[in-house]
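Asks: Here's a structure for you.
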Protein chains: 2
Amino acid sequence: MSTTKNKIQNLKNLSGTHSPSIATILREIPEIKIKIDACFLSNPYATDLFLNHFNTDLIINGNLRSVLEYYPPQNREISKGLSKILNINSSKLFIGNGAIEIIQAVIHSFSKKKICVIIPTFSSYYEFVNNDTEVIYYHLNKEDNYNLNIDDYINFIKIHKPDTIVIINPNNPTGTYIKKNEIIYILQNLTFIDNIIIDESFIHFAYENNNYDLINYYDLVNKYPNLVLIKSMSKDFGIAGIRAGYGVMNDLKVNKLLSNGYLWNSSGLSDYFFKLYSNPQFFKDYNYLRIKYINDIINFGKNLNLIKNLNTINTMANFYLLELNPKLSSFDFTIDCLIDHNIYLRDCSDKIGLDGNFIRVAARTNEENLEIFDSFKKILN
Amino acid sequence: MSTTKNKIQNLKNLSGTHSPSIATILREIPEIKIKIDACFLSNPYATDLFLNHFNTDLIINGNLRSVLEYYPPQNREISKGLSKILNINSSKLFIGNGAIEIIQAVIHSFSKKKICVIIPTFSSYYEFVNNDTEVIYYHLNKEDNYNLNIDDYINFIKIHKPDTIVIINPNNPTGTYIKKNEIIYILQNLTFIDNIIIDESFIHFAYENNNYDLINYYDLVNKYPNLVLIKSMSKDFGIAGIRAGYGVMNDLKVNKLLSNGYLWNSSGLSDYFFKLYSNPQFFKDYNYLRIKYINDIINFGKNLNLIKNLNTINTMANFYLLELNPKLSSFDFTIDCLIDHNIYLRDCSDKIGLDGNFIRVAARTNEENLEIFDSFKKILN
């Protein structure tokens with residue numbers, strides 16, 4: 001068992017600031033069994049829905065070959081279809097090979113001398129900057145439960161004058177959320193910033209009313225030309241393997257990106273997914289499962305709050321940031337969960353801006369959440 | 001019928017210097033039927049082989065969900081697997097979301113002031129350059145049947161001193177081929193060039209002996225640190241929808257690309273394909289079909305040579321560049337083939353560096369090649 005632990009530590013060292021992917025762990029340490037992947041941030045019900053359509057449309061109806069064999073449509077062509085369901089002009093849409101490609105494209109192309117990221121955050125936002133770009137960090141405080149102090153943040157930006165700022169909303173790994181009226185307030189006060197990147201990859205899990213209505217910011221792109229929205233499809237639709245995402249931004253930025261690249265950066269399956277997404281019946285079915293999942297997330301949080309030696313941070317995303325008793329190591333806890341309970345968690349000890357023993361646990365299906373809850377109780381109580 | 005023709009012309013204008021994709025044409029002009037897609041450059045037998053494996057491994061054995069749901073391994077992880085079958089060090093491998101991503105990455109990251117492309121060529125090599133990079137063109141001559149005059153080319157490069165040069169071998173759209181010993185001669189004479197990009201996307205269809213043995217240049221990367229090989233998987237394996245390609249280059253270049261991007265740029269299906277490619281039995285089966293296809297290409301060329309009013313350029317790729325009688329328009333010929341015979345060709349009238357009425361026809365299955373031959377005869381004789 002200690003050999004397995006060593007092997008995991010080695011893999012972690014090789015993966016930089018990200019956890020080794022489940023594929024990597026299973027490939028390199030085949031003796032490990034993962035029953036619940038609670039590192040992976042996705043709505044599993046949406047994956048089921050997608051697979052049902054895949055089975056009917058591509059396998060039963062025989063369209064699989066054309067999706068795999070032929071070149072998919074070009075970037076602007078896919079934008080045209082997607083723009084209808086998003087209700088924005090396709091000239092403001094940029095289709096990405098996952099959100100990560102859009103993060104890279106926007107940061108490499110538009111960020112110049114100084115970028116401000118809020119920490120703790122998703123590490124690619126500071127890892128992907130060009131060598132000559134300075135990264136400055138705005139720290140979220142544990143005392144505020146990692147919520148953003150809007151006026152203090154605006155003040156910080158006014159003092160340090162970065163050309164690019166990044167806000168992940170809801171934030172990863174804290175799950176904290178900035179309301180739309182607060183986002184508008186930030187935009188109103190920071191019109192002098194060249195690029196305001198808002199990564200809304202977890203926005204489908206956030207809500208501002210009791211109906212859990214979907215929130216979107218697309219109207220703001222028309223008003224604030226410095227706003228860049230980045231959206232992953234991996235989390236809400238549970239299809240990380242397909243690599244699909246989109247960015248919404250000023251026409252000039254889209255034109256710049258497409259003027260010398262990104263011509264055929266979508267796969268046939270990504271094109272298929274975006275067409276499916278534009279189907280109103282699929283969207284209705286998806287939305288039902290989205291709300292079911294939000295309810296599961298809320299119930300999971302209520303249970304986690306009952307566990308001793310565990311501080312559960314409130315979330316508007318599909319995961320919880322959990323702080324362990326200072327006497328416990330987050331890495332050891334993660335490994336115990338993996339080896340003794342076959343539950344895979346995200347150890348956050350490598351996350352800059354987090355002081356303490358933190359882990360991140362994804363909400364999975366209701367049954368799996370209960371099993372995670374039981375395992376945590378066994379380890380901690 | 002003339003309305004259909006107008007619609008095609010409009011689509012072509014919107015697609016820039018590339019033909020509209022088959023998906024675009026079928027979506028926008030649904031009354032058009034395409035029976036044979038001879039614009040699409042792929043080995044159709046290899047697509048069959050891939051689909052058989054896909055069906056067994058992913059559908060029957062139930063592994064489809066994990067390929068679509070989870071994040072695929074990171075770039076270096078996929079390189080490790082692929083490096084074994086290619087017999088090169090994985091530190092020299094860069095995995096791309098199709099060759100087009102590697103072309104973009106290499107040109108944006110390494111090309112500086114001046115790039116030389118040989119024309120006619122694949123347009124992305126000059127379209128993707130940064131705004132401040134000058135593009136110079138070395139013209140292939142009709143009198144040489146578009147073969148490269150090696151010494152004249154080396155002399156041209158020595159005079160104009162670009163930092164980056166691009167050679168597609170076999171070249172697209174001419175199908176002309178530079179032998180390995182000639183490539184070595186070029187490399188020996190141009191060691192002062194920063195980046196020598198050789199796009200070998202069609203190399204599986206070229207041969208230098210009667211056994212049609214696969215040719216590869218990987219050993220040269222160890223000797224020439226300025227050499228960058230770019231390889232698409234779309235043509236030889238007939239899986240353009242998956243978006244898979246790789247680059248082989250100096251470790252420092254790979255490190256630079258991966259230091260601030262390209263972390264998760266492969267899809268689950270691309271990862272699956274590369275694993276399959278590393279399976280010796282799959283490779284053996286593929287190689288049998290590769291040689292069968294080369295024989296079809298050769299037979300197709302023998303037939304095309306029999307047609308009046310048509311000049312067939314010799315090829316080492318999986319297509320033929322055809323020059324029509326000067327009285328005929330290549331666009332009209334392409335449209336006649338599409339509407340009257342449901343055969344989709346590549347009109348080359350937008351290709352810079354080609355003077356005359358040229359079309360490009362892909363070799364498909366033997367049966368389809370015979371049907372294309374008959375249709376051409378009907379139109380031209």
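Chain labels A, B, ... are given in the sequence in which chains occur in the structure tokens; within each chain residues are numbered consecutively from 1, and ligands are likewise numbered from 1 in the order shown.
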Pick out the chain A residues within 8 Å of chain B. Count only C-alpha atoms. Give them as a ChimeraX atom specification.
Replies: /A:21-24,40,47,51,65-74,77,97-98,100-101,104,127-130,238-243,259-262,264-269
Asks: At a cut-off of 8 Å, using only C-alpha atoms, what residues contact Ile154 of chain B? Leave out same-chain residues fewer than 2 positions from it and give the result as a VMD selection string.
Replies: chain B and resid 150 to 152 156 to 158 186 189 to 190
Asks: Using atom CA of Ile335 of chain A and atom CA of Lys7 of chain A as the two end points, give the distance in Å to one decimal.
Replies: 11.2 Å
Asks: Near Ile313 of chain A, counting only C-alpha atoms, which residues have an atom at most 9 Å away, once you skip same-chain residues fewer than 6 positions from it, shown as a list in words?
Replies: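 Surrounding residues, per the criterion: Asn145, Tyr146, Thr174, Gly175, Thr176, Gly301, Tyr320, Leu321, Leu322 and Glu323 of chain A.
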Asks: Determine, counting only C-alpha atoms, which protein, DNA and RNA residues have an atom within 10 Å of an atom of Asn172 of chain B; residues of the same chain fewer than 5 positions away are not included. Present the result as a list in words.
Replies: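 Within the cut-off, the hits are Ile119, Pro120, Thr121, Phe122, Ser123, Tyr177, Asp199, Ser201, Phe202, Thr315, Ala317, Asn318, Phe319, Tyr320, Leu321 and Arg360 of chain B.
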Asks: Any chance you can output those residues with N, CA and C atoms as a PDB file, in the first residue's frame?
Replies:
ATOM      1  N   ILE B 119       5.331  27.670 -53.502  1.00  0.00           N
ATOM      2  CA  ILE B 119       3.964  27.660 -54.041  1.00  0.00           C
ATOM      3  C   ILE B 119       3.934  26.993 -55.406  1.00  0.00           C
ATOM      4  N   PRO B 120       2.777  26.395 -55.741  1.00  0.00           N
ATOM      5  CA  PRO B 120       1.534  26.295 -54.982  1.00  0.00           C
ATOM      6  C   PRO B 120       1.682  25.412 -53.748  1.00  0.00           C
ATOM      7  N   THR B 121       0.899  25.734 -52.698  1.00  0.00           N
ATOM      8  CA  THR B 121       0.994  24.991 -51.448  1.00  0.00           C
ATOM      9  C   THR B 121      -0.310  25.063 -50.669  1.00  0.00           C
ATOM     10  N   PHE B 122      -0.289  24.528 -49.466  1.00  0.00           N
ATOM     11  CA  PHE B 122      -1.415  24.574 -48.541  1.00  0.00           C
ATOM     12  C   PHE B 122      -1.425  25.973 -47.920  1.00  0.00           C
ATOM     13  N   SER B 123      -2.521  26.679 -48.064  1.00  0.00           N
ATOM     14  CA  SER B 123      -2.521  28.124 -47.805  1.00  0.00           C
ATOM     15  C   SER B 123      -2.285  28.519 -46.351  1.00  0.00           C
ATOM     16  N   TYR B 177       7.260  15.035 -55.046  1.00  0.00           N
ATOM     17  CA  TYR B 177       7.953  14.426 -53.913  1.00  0.00           C
ATOM     18  C   TYR B 177       9.452  14.706 -53.976  1.00  0.00           C
ATOM     19  N   ASP B 199       6.374  19.350 -43.720  1.00  0.00           N
ATOM     20  CA  ASP B 199       5.044  18.805 -43.484  1.00  0.00           C
ATOM     21  C   ASP B 199       4.961  17.489 -44.240  1.00  0.00           C
ATOM     22  N   SER B 201       2.514  15.237 -44.085  1.00  0.00           N
ATOM     23  CA  SER B 201       1.153  14.720 -43.902  1.00  0.00           C
ATOM     24  C   SER B 201       0.764  13.679 -44.946  1.00  0.00           C
ATOM     25  N   PHE B 202       1.439  13.695 -46.113  1.00  0.00           N
ATOM     26  CA  PHE B 202       1.096  12.732 -47.172  1.00  0.00           C
ATOM     27  C   PHE B 202       2.179  11.654 -47.348  1.00  0.00           C
ATOM     28  N   THR B 315       2.201  11.875 -59.243  1.00  0.00           N
ATOM     29  CA  THR B 315       1.992  12.124 -57.817  1.00  0.00           C
ATOM     30  C   THR B 315       2.699  11.097 -56.955  1.00  0.00           C
ATOM     31  N   ALA B 317       1.413  11.520 -53.721  1.00  0.00           N
ATOM     32  CA  ALA B 317       0.404  11.696 -52.668  1.00  0.00           C
ATOM     33  C   ALA B 317      -0.846  10.897 -53.059  1.00  0.00           C
ATOM     34  N   ASN B 318      -1.961  11.166 -52.437  1.00  0.00           N
ATOM     35  CA  ASN B 318      -3.173  10.392 -52.731  1.00  0.00           C
ATOM     36  C   ASN B 318      -4.173  11.211 -53.545  1.00  0.00           C
ATOM     37  N   PHE B 319      -3.627  12.049 -54.400  1.00  0.00           N
ATOM     38  CA  PHE B 319      -4.471  12.866 -55.272  1.00  0.00           C
ATOM     39  C   PHE B 319      -3.678  13.180 -56.528  1.00  0.00           C
ATOM     40  N   TYR B 320      -4.395  13.655 -57.542  1.00  0.00           N
ATOM     41  CA  TYR B 320      -3.730  14.099 -58.765  1.00  0.00           C
ATOM     42  C   TYR B 320      -4.091  15.546 -59.033  1.00  0.00           C
ATOM     43  N   LEU B 321      -3.091  16.333 -59.394  1.00  0.00           N
ATOM     44  CA  LEU B 321      -3.328  17.678 -59.901  1.00  0.00           C
ATOM     45  C   LEU B 321      -3.524  17.535 -61.407  1.00  0.00           C
ATOM     46  N   ARG B 360      -7.949  19.428 -58.497  1.00  0.00           N
ATOM     47  CA  ARG B 360      -7.292  18.349 -57.770  1.00  0.00           C
ATOM     48  C   ARG B 360      -8.338  17.282 -57.507  1.00  0.00           C
TER      49      ARG B 360
END
Asks: Could you find all residues in segment 73-296 of chain B that DSSP calls alpha helix (DSSP H) from the backbone, and write them as a PyMOL selection string?
Replies: chain B and resi 75-86+99-110+124-127+150-160+180-189+218-223+234-237+251-259+268-277+280-296
Asks: Rank A:Leu276, A:Ile215, A:Val166, A:Leu345 by their smallest atom-to-atom distance to Asp57 of chain A, using only C-alpha atoms, and report the top residue only.
Replies: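 Nearest candidate to Asp57 of chain A out of A:Leu276, A:Ile215, A:Val166, A:Leu345: A:Leu276.
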Asks: Per DSSP on the backbone, what are the strand (DSSP E) residues of segment 79-245 of chain B, as a ChimeraX atom specification?
Replies: /B:93-96,114-119,134-139,164-168,195-199,227-232,245
Asks: From the options A:Ile291, A:Leu257, A:Ala362, A:Ile8, which residue's atoms come nearest to Pro30 of chain A, counting only C-alpha atoms?
Replies: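 Closest to Pro30 of chain A, using only C-alpha atoms: A:Ile8.
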Asks: Hey, can you check how far atom CA of Leu370 of chain B sits from atom CA of Ile298 of chain B?
Replies: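 Value for the atom CA of Leu370 of chain B-atom CA of Ile298 of chain B distance: 12.3 Å.
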Asks: Which is closer to Phe54 of chain B than all the others in B:Tyr272, B:Ile178, B:Asp144, B:His160, using only C-alpha atoms?
Replies: B:Tyr272
Asks: From the set A:Ile372, A:Asn325, A:Ser79, A:Asn211, which residue has the shortest atom-to-atom contact distance to Tyr344 of chain A, counting only C-alpha atoms?
Replies: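 Going through A:Ile372, A:Asn325, A:Ser79, A:Asn211 one by one, the smallest distance to Tyr344 of chain A is for A:Ile372.
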Asks: Give me, please, the distance in Å between atom CA of Cys39 of chain A and atom CA of Gly96 of chain B, quoted to one decimal.
Replies: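 Result for atom CA of Cys39 of chain A versus atom CA of Gly96 of chain B: 25.8 Å, one decimal.
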